[in-house]
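Read through the structure below, which is laid out as structure tokens, and then see the notes.
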Amino acid sequence: MTAPALSLTGVTCTFISRDDRSQRYTAVRDVTVDIAPGEFVSVVGPTGCGKSTLLNVAAGLLEPSAGAVRVFGEPLAGINARAGYMFQTEALMPWRTARANVMAGLEFRGASPADAGARADEWLKRVGLGGFGDRYPHQLSGGMRKRTALAQTLVLDPDIILMDEPFSALDIQTRQLMENEVLELWAAKRKAVLFITHDLDEAIAMSDRVVVLSAGPASHPIGEFVIDLPRPRDVAEVRITPRFIDLHKAIWDVLREEVLKGYAQQKLAA
Amino acid sequence: MWKLLRPRSATLRLWQVMVLLAIFAFWWAMTTPGFIPPFMFENDRQAAFFFGEPVKIFVRIWDWFVTDHDIYGHLWVTLLETVLAFASGTAAGLVIGMWLALSPIAAAILDPYIKALNSMPRVILAPIFAVWFGLGIASKVALGFTLVFFIVFFNVYQGVKEVSPTVLANARMLGAGRNQLLRHVYLPSATSWVFSSLHTSVGLAFVGAVVGEYLGSARGVGYLILQAEGTFDINTVMAGILVLTAFALVLDGVVGRVEAHLMRWQPRAGETEKL
């Protein structure tokens, strides 16, 4: 058996308050997730359950308090160079044009400007922004910025793609278009994907497997569902198939209680 | 007629010139001997003595630049001092601001000293600089440097601190090393803060140069003003002030140009075009 593309074993993250060392907050506790090469895995959970923390650990941006991260069998040290990360919030460099943003990663990795430029143009075309390369991020719409970010991540051809609610800020139509685009790109290249979302529909429509996290603090996986819907899928059409509805119900039964728990905790804290 | 001249964006320049002309006309009317009877001073020459006369001031400026050609040397010295102080202060502020923003321990150690140096009335250093560096341009550059440095320094420091953590994390994920982060993330992010400070520091570089000259020098526009003051030649003092103001405006305009070029990525309000 080949090593998983990404493997989190017993990952625990405890944050210590900078002002008061005795204030601790455990975001995730004892999380174990394996993602096979080419597998699309979604993590869903109630808001504030440490989903993003998990992704930052996988990216190497955050060192876990305990537990191990392995990338294709190798222990991870520092930034995960084989991963591309699509952030939830704006991450494009506002002082670079769309094209220069897509080129950035290639430049950082020492590609020649001509080569980087050619590949950036190719990717901009692929995400439907062929004529917008010379625009600055503030001159693009939210959806176009997301597509630029997608091109920026994928132009590096990462073996693992980490996505943190990348489409949560988009309107529903743009969102479905983007989801289909991502699925199409993924189907062509078959990379391992770790997809974080709070939207169960999105998770089921896109993934091979859905992992449900419990409400924070100290959230951990409480359920795992294999999504056996046939591919290729259209995220809008797949939602009305009977199998989708069954899966949705099964996962929602697990998730609902956690969502309520998370909500109650937040209300208590407020 | 009024409809054509009504204040709006197209007639902005016209109105700005008109305000200037109005100020000079008022000045002229109040100071020309015998034009209106004296109401504040005892005789009609005193207003001209204290405030100068616009026409004579312009004749003075004309003489400097055209008839006698004798201001160029002085102006060159003052501008050189200003530009050197501005450039060295900005460069040092940029480098040290970056360094301290990126090494919190060094910043924590130096914090009280930076605060102390900044709150010190630094113009007081001018005589000391004159002793250290002599009466040439070096002492003026040193004074201008101390004025410019802190403004740029604090802005760079703030600018680097306010880099978006997401943009930073993204650049790291894209494979940027330490130097690349510095060049492609921290520096561009700090530039907007730097430019807002540069407009202030151009003026302060001039202050440094002129105050330095005023306290002891043999050349420069500040020296000219000092000489004229010694003989109560208010017209020449005013002419010197006008020339300095004009050149400060020019330098500020240059900074504005560079800013518009380097900051074209920034969103501006109302970028739509009326068809």
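Ordered as shown in the structure tokens, chains take letters A, B, and onward, while each chain numbers its residues from 1 and ligands are numbered from 1 in the order shown.
The shell of residues at most 12 Å from Ala100 in chain A, with only C-alpha atoms counted and near chain neighbours (fewer than 5 positions) removed, consists of A:Leu92, A:Met93, A:Pro94, A:Trp95, A:Gly105, A:Leu106, A:Glu107, A:Phe108, A:Pro113, A:Ala114, A:Ala116, A:Gly117, A:Ala118, A:Arg119, A:Ala120, A:Asp121, A:Leu124, A:Phe132, A:Gly133, A:Asp134, A:Arg135, A:Tyr136, A:Pro137, A:Thr148, A:Ala149, A:Ala151, A:Gln152, B:His184, B:Trp265.
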Can I get the selection written as a PDB file, in the first residue's frame, with N, CA and C atoms?
```
ATOM      1  N   LEU A  92      -4.561  37.406  -1.987  1.00  0.00           N
ATOM      2  CA  LEU A  92      -3.778  37.898  -3.116  1.00  0.00           C
ATOM      3  C   LEU A  92      -2.973  39.107  -2.665  1.00  0.00           C
ATOM      4  N   MET A  93      -1.813  39.301  -3.281  1.00  0.00           N
ATOM      5  CA  MET A  93      -1.023  40.480  -2.964  1.00  0.00           C
ATOM      6  C   MET A  93      -1.619  41.662  -3.711  1.00  0.00           C
ATOM      7  N   PRO A  94      -2.165  42.647  -2.997  1.00  0.00           N
ATOM      8  CA  PRO A  94      -2.900  43.720  -3.682  1.00  0.00           C
ATOM      9  C   PRO A  94      -2.026  44.579  -4.586  1.00  0.00           C
ATOM     10  N   TRP A  95      -0.705  44.533  -4.368  1.00  0.00           N
ATOM     11  CA  TRP A  95       0.187  45.365  -5.185  1.00  0.00           C
ATOM     12  C   TRP A  95       0.646  44.648  -6.440  1.00  0.00           C
ATOM     13  N   GLY A 105       4.309  32.470  -7.083  1.00  0.00           N
ATOM     14  CA  GLY A 105       4.847  31.221  -6.565  1.00  0.00           C
ATOM     15  C   GLY A 105       5.970  30.665  -7.425  1.00  0.00           C
ATOM     16  N   LEU A 106       5.777  30.776  -8.756  1.00  0.00           N
ATOM     17  CA  LEU A 106       6.812  30.287  -9.664  1.00  0.00           C
ATOM     18  C   LEU A 106       8.093  31.097  -9.494  1.00  0.00           C
ATOM     19  N   GLU A 107       7.924  32.422  -9.356  1.00  0.00           N
ATOM     20  CA  GLU A 107       9.089  33.295  -9.159  1.00  0.00           C
ATOM     21  C   GLU A 107       9.821  32.927  -7.874  1.00  0.00           C
ATOM     22  N   PHE A 108       9.036  32.741  -6.799  1.00  0.00           N
ATOM     23  CA  PHE A 108       9.655  32.403  -5.511  1.00  0.00           C
ATOM     24  C   PHE A 108      10.450  31.105  -5.629  1.00  0.00           C
ATOM     25  N   PRO A 113      11.348  34.504 -15.514  1.00  0.00           N
ATOM     26  CA  PRO A 113      10.149  35.332 -15.718  1.00  0.00           C
ATOM     27  C   PRO A 113       9.371  34.928 -16.973  1.00  0.00           C
ATOM     28  N   ALA A 114      10.075  34.578 -18.045  1.00  0.00           N
ATOM     29  CA  ALA A 114       9.386  34.227 -19.293  1.00  0.00           C
ATOM     30  C   ALA A 114       8.552  32.961 -19.099  1.00  0.00           C
ATOM     31  N   ALA A 116       7.557  31.624 -16.191  1.00  0.00           N
ATOM     32  CA  ALA A 116       6.488  31.884 -15.216  1.00  0.00           C
ATOM     33  C   ALA A 116       5.335  32.616 -15.878  1.00  0.00           C
ATOM     34  N   GLY A 117       5.675  33.615 -16.706  1.00  0.00           N
ATOM     35  CA  GLY A 117       4.641  34.385 -17.389  1.00  0.00           C
ATOM     36  C   GLY A 117       3.793  33.509 -18.293  1.00  0.00           C
ATOM     37  N   ALA A 118       4.435  32.637 -19.039  1.00  0.00           N
ATOM     38  CA  ALA A 118       3.700  31.773 -19.966  1.00  0.00           C
ATOM     39  C   ALA A 118       2.750  30.848 -19.204  1.00  0.00           C
ATOM     40  N   ARG A 119       3.260  30.272 -18.109  1.00  0.00           N
ATOM     41  CA  ARG A 119       2.396  29.358 -17.356  1.00  0.00           C
ATOM     42  C   ARG A 119       1.271  30.104 -16.648  1.00  0.00           C
ATOM     43  N   ALA A 120       1.563  31.331 -16.203  1.00  0.00           N
ATOM     44  CA  ALA A 120       0.516  32.137 -15.569  1.00  0.00           C
ATOM     45  C   ALA A 120      -0.589  32.449 -16.573  1.00  0.00           C
ATOM     46  N   ASP A 121      -0.191  32.831 -17.795  1.00  0.00           N
ATOM     47  CA  ASP A 121      -1.191  33.136 -18.820  1.00  0.00           C
ATOM     48  C   ASP A 121      -2.072  31.926 -19.099  1.00  0.00           C
ATOM     49  N   LEU A 124      -4.453  31.486 -16.171  1.00  0.00           N
ATOM     50  CA  LEU A 124      -5.486  32.523 -16.150  1.00  0.00           C
ATOM     51  C   LEU A 124      -6.557  32.187 -17.179  1.00  0.00           C
ATOM     52  N   PHE A 132      -7.900  39.400 -18.165  1.00  0.00           N
ATOM     53  CA  PHE A 132      -7.885  40.225 -16.961  1.00  0.00           C
ATOM     54  C   PHE A 132      -6.534  40.226 -16.239  1.00  0.00           C
ATOM     55  N   GLY A 133      -5.501  39.714 -16.931  1.00  0.00           N
ATOM     56  CA  GLY A 133      -4.198  39.560 -16.291  1.00  0.00           C
ATOM     57  C   GLY A 133      -3.610  40.849 -15.758  1.00  0.00           C
ATOM     58  N   ASP A 134      -3.914  41.984 -16.414  1.00  0.00           N
ATOM     59  CA  ASP A 134      -3.260  43.217 -15.996  1.00  0.00           C
ATOM     60  C   ASP A 134      -4.083  43.995 -14.969  1.00  0.00           C
ATOM     61  N   ARG A 135      -5.162  43.378 -14.470  1.00  0.00           N
ATOM     62  CA  ARG A 135      -5.963  44.069 -13.441  1.00  0.00           C
ATOM     63  C   ARG A 135      -5.373  43.834 -12.064  1.00  0.00           C
ATOM     64  N   TYR A 136      -5.527  44.843 -11.212  1.00  0.00           N
ATOM     65  CA  TYR A 136      -5.142  44.667  -9.809  1.00  0.00           C
ATOM     66  C   TYR A 136      -6.312  44.040  -9.058  1.00  0.00           C
ATOM     67  N   PRO A 137      -6.045  43.336  -7.947  1.00  0.00           N
ATOM     68  CA  PRO A 137      -7.124  42.632  -7.257  1.00  0.00           C
ATOM     69  C   PRO A 137      -8.344  43.508  -6.961  1.00  0.00           C
ATOM     70  N   THR A 148      -8.528  33.862  -9.408  1.00  0.00           N
ATOM     71  CA  THR A 148      -7.098  34.195  -9.464  1.00  0.00           C
ATOM     72  C   THR A 148      -6.351  33.413  -8.393  1.00  0.00           C
ATOM     73  N   ALA A 149      -6.944  33.366  -7.180  1.00  0.00           N
ATOM     74  CA  ALA A 149      -6.302  32.635  -6.081  1.00  0.00           C
ATOM     75  C   ALA A 149      -6.183  31.154  -6.428  1.00  0.00           C
ATOM     76  N   ALA A 151      -5.926  29.887  -9.479  1.00  0.00           N
ATOM     77  CA  ALA A 151      -4.841  29.766 -10.460  1.00  0.00           C
ATOM     78  C   ALA A 151      -3.488  29.903  -9.768  1.00  0.00           C
ATOM     79  N   GLN A 152      -3.412  30.839  -8.803  1.00  0.00           N
ATOM     80  CA  GLN A 152      -2.168  31.064  -8.079  1.00  0.00           C
ATOM     81  C   GLN A 152      -1.712  29.801  -7.354  1.00  0.00           C
TER      82      GLN A 152
ATOM     83  N   HIS B 184       8.918  41.135  -1.436  1.00  0.00           N
ATOM     84  CA  HIS B 184       7.648  41.049  -2.155  1.00  0.00           C
ATOM     85  C   HIS B 184       6.425  41.252  -1.273  1.00  0.00           C
ATOM     86  N   TRP B 265      -1.646  50.388  -7.630  1.00  0.00           N
ATOM     87  CA  TRP B 265      -2.431  49.204  -7.286  1.00  0.00           C
ATOM     88  C   TRP B 265      -3.492  49.504  -6.238  1.00  0.00           C
TER      89      TRP B 265
END
```
Close residues, Pro158 in chain A itself excluded, 8 Å, only C-alpha atoms, min 6 positions apart in chain, as number ranges by chain: A: 82-84, 191
Selection export as a PDB file, in the first residue's frame, atoms kept: N, CA and C atoms:
```
ATOM      1  N   ARG A  82       4.800  20.634  -0.575  1.00  0.00           N
ATOM      2  CA  ARG A  82       4.055  19.886  -1.604  1.00  0.00           C
ATOM      3  C   ARG A  82       2.585  20.249  -1.615  1.00  0.00           C
ATOM      4  N   ALA A  83       2.219  21.213  -0.729  1.00  0.00           N
ATOM      5  CA  ALA A  83       0.812  21.590  -0.637  1.00  0.00           C
ATOM      6  C   ALA A  83       0.576  22.984  -1.188  1.00  0.00           C
ATOM      7  N   GLY A  84      -0.600  23.176  -1.770  1.00  0.00           N
ATOM      8  CA  GLY A  84      -1.071  24.497  -2.141  1.00  0.00           C
ATOM      9  C   GLY A  84      -2.240  24.833  -1.230  1.00  0.00           C
ATOM     10  N   LYS A 191      -5.431  15.266  -7.685  1.00  0.00           N
ATOM     11  CA  LYS A 191      -4.578  15.556  -6.541  1.00  0.00           C
ATOM     12  C   LYS A 191      -5.336  15.226  -5.270  1.00  0.00           C
TER      13      LYS A 191
END
```
Filtered DSSP result for range 32-120 of chain B, state alpha helix (DSSP H), as a PyMOL selection string: chain B and resi 46-51+54-62+72-102+104-119
Only C-alpha atoms, please: the residues just picked out, written as an mmCIF file, in the first residue's frame.
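Output saved as selection.cif:
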```cif
data_model
loop_
_atom_site.group_PDB
_atom_site.id
_atom_site.type_symbol
_atom_site.label_atom_id
_atom_site.label_comp_id
_atom_site.auth_asym_id
_atom_site.auth_seq_id
_atom_site.Cartn_x
_atom_site.Cartn_y
_atom_site.Cartn_z
ATOM 1 C CA GLN B 46 5.159 101.433 8.705
ATOM 2 C CA ALA B 47 2.891 98.768 7.197
ATOM 3 C CA ALA B 48 5.374 98.372 4.333
ATOM 4 C CA PHE B 49 8.239 98.221 6.815
ATOM 5 C CA PHE B 50 6.712 95.384 8.822
ATOM 6 C CA PHE B 51 5.041 93.332 6.108
ATOM 7 C CA PRO B 54 4.459 92.500 -2.886
ATOM 8 C CA VAL B 55 5.700 94.435 -5.914
ATOM 9 C CA LYS B 56 9.128 95.007 -4.390
ATOM 10 C CA ILE B 57 9.275 91.381 -3.338
ATOM 11 C CA PHE B 58 8.673 90.233 -6.889
ATOM 12 C CA VAL B 59 11.273 92.703 -8.174
ATOM 13 C CA ARG B 60 13.674 91.194 -5.644
ATOM 14 C CA ILE B 61 12.940 87.668 -6.866
ATOM 15 C CA TRP B 62 13.285 88.824 -10.473
ATOM 16 C CA TYR B 72 21.439 80.021 -7.877
ATOM 17 C CA GLY B 73 24.446 79.216 -5.715
ATOM 18 C CA HIS B 74 22.448 79.692 -2.517
ATOM 19 C CA LEU B 75 19.435 77.830 -3.826
ATOM 20 C CA TRP B 76 21.634 74.960 -4.984
ATOM 21 C CA VAL B 77 23.161 74.618 -1.508
ATOM 22 C CA THR B 78 19.775 74.647 0.214
ATOM 23 C CA LEU B 79 18.241 72.182 -2.220
ATOM 24 C CA LEU B 80 21.254 69.905 -1.964
ATOM 25 C CA GLU B 81 21.000 69.908 1.839
ATOM 26 C CA THR B 82 17.276 69.234 1.642
ATOM 27 C CA VAL B 83 17.547 66.396 -0.837
ATOM 28 C CA LEU B 84 20.478 64.778 0.998
ATOM 29 C CA ALA B 85 18.658 64.991 4.340
ATOM 30 C CA PHE B 86 15.463 63.676 2.762
ATOM 31 C CA ALA B 87 17.158 60.791 0.971
ATOM 32 C CA SER B 88 19.399 59.714 3.851
ATOM 33 C CA GLY B 89 16.617 60.096 6.445
ATOM 34 C CA THR B 90 14.168 58.103 4.316
ATOM 35 C CA ALA B 91 16.671 55.335 3.562
ATOM 36 C CA ALA B 92 17.720 54.993 7.194
ATOM 37 C CA GLY B 93 14.115 55.124 8.402
ATOM 38 C CA LEU B 94 13.161 52.421 5.925
ATOM 39 C CA VAL B 95 15.999 50.065 6.817
ATOM 40 C CA ILE B 96 15.836 50.486 10.596
ATOM 41 C CA GLY B 97 12.029 50.488 10.597
ATOM 42 C CA MET B 98 12.025 47.170 8.720
ATOM 43 C CA TRP B 99 14.677 45.686 10.944
ATOM 44 C CA LEU B 100 12.972 46.587 14.216
ATOM 45 C CA ALA B 101 9.540 45.551 12.969
ATOM 46 C CA LEU B 102 10.904 42.120 12.049
ATOM 47 C CA PRO B 104 10.661 42.087 18.173
ATOM 48 C CA ILE B 105 13.422 41.547 20.726
ATOM 49 C CA ALA B 106 15.586 44.344 19.310
ATOM 50 C CA ALA B 107 12.493 46.550 19.136
ATOM 51 C CA ALA B 108 11.645 45.818 22.770
ATOM 52 C CA ILE B 109 15.181 46.656 23.927
ATOM 53 C CA LEU B 110 15.420 49.889 21.954
ATOM 54 C CA ASP B 111 11.833 51.017 22.523
ATOM 55 C CA PRO B 112 12.448 53.532 25.373
ATOM 56 C CA TYR B 113 15.416 55.072 23.551
ATOM 57 C CA ILE B 114 13.488 55.527 20.342
ATOM 58 C CA LYS B 115 10.647 57.149 22.264
ATOM 59 C CA ALA B 116 13.137 59.426 24.044
ATOM 60 C CA LEU B 117 14.905 60.444 20.840
ATOM 61 C CA ASN B 118 11.598 61.107 19.151
ATOM 62 C CA SER B 119 10.172 63.280 21.909
#
```
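Using only C-alpha atoms for every distance, the candidate list A:Phe87, A:Phe72, A:Tyr263, A:Phe225 yields A:Phe87 as the residue closest to chain B.
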Expected answer as JSON, numbers by chain: chain B residues within 12 Å of chain A, only C-alpha atoms: {"B": [163, 164, 165, 166, 167, 168, 169, 170, 171, 172, 173, 174, 175, 176, 177, 178, 179, 180, 181, 183, 184, 185, 186, 187, 188, 189, 190, 191, 192, 261, 262, 263, 264, 265, 266, 267, 268, 269, 270, 271, 272]}
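Between Ile71 in chain B and the candidates B:Gly220, B:Phe247, B:Ala138, B:Arg257, the tightest atom-to-atom separation, counting only C-alpha atoms, involves B:Gly220.
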Contacts of range 10-15 of chain A within 8 Å, only C-alpha atoms, excl. fewer than 3 positions in-chain, as a PyMOL selection string: chain A and resi 24-32+53+64-69
Set the distance at 10 Å and use only C-alpha atoms: which residues neighbour Pro33 in chain B once local chain neighbours fewer than 2 positions away are removed? I'd like the list as a tab-separated table (two decimals) with C-alpha atoms, in the first residue's frame.
```tsv
chain	number	residue	atom	x	y	z
B	28	TRP	CA	-0.62	95.16	-1.79
B	29	ALA	CA	-3.56	97.36	-0.80
B	30	MET	CA	-2.71	97.20	2.88
B	31	THR	CA	1.03	97.92	2.52
B	35	PHE	CA	-3.04	103.91	-0.90
B	36	ILE	CA	-5.35	103.85	2.11
B	37	PRO	CA	-4.96	106.09	5.18
B	38	PRO	CA	-3.05	104.37	8.01
B	43	ASN	CA	2.43	106.76	9.46
B	44	ASP	CA	1.78	105.16	6.09
B	45	ARG	CA	5.30	103.71	5.67
B	46	GLN	CA	5.16	101.43	8.71
B	47	ALA	CA	2.89	98.77	7.20
B	48	ALA	CA	5.37	98.37	4.33
B	49	PHE	CA	8.24	98.22	6.82
B	53	GLU	CA	5.46	95.17	-0.37
```
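CA of Val155 in chain A sits 20.7 Å away from CA of Ser141 in chain A.
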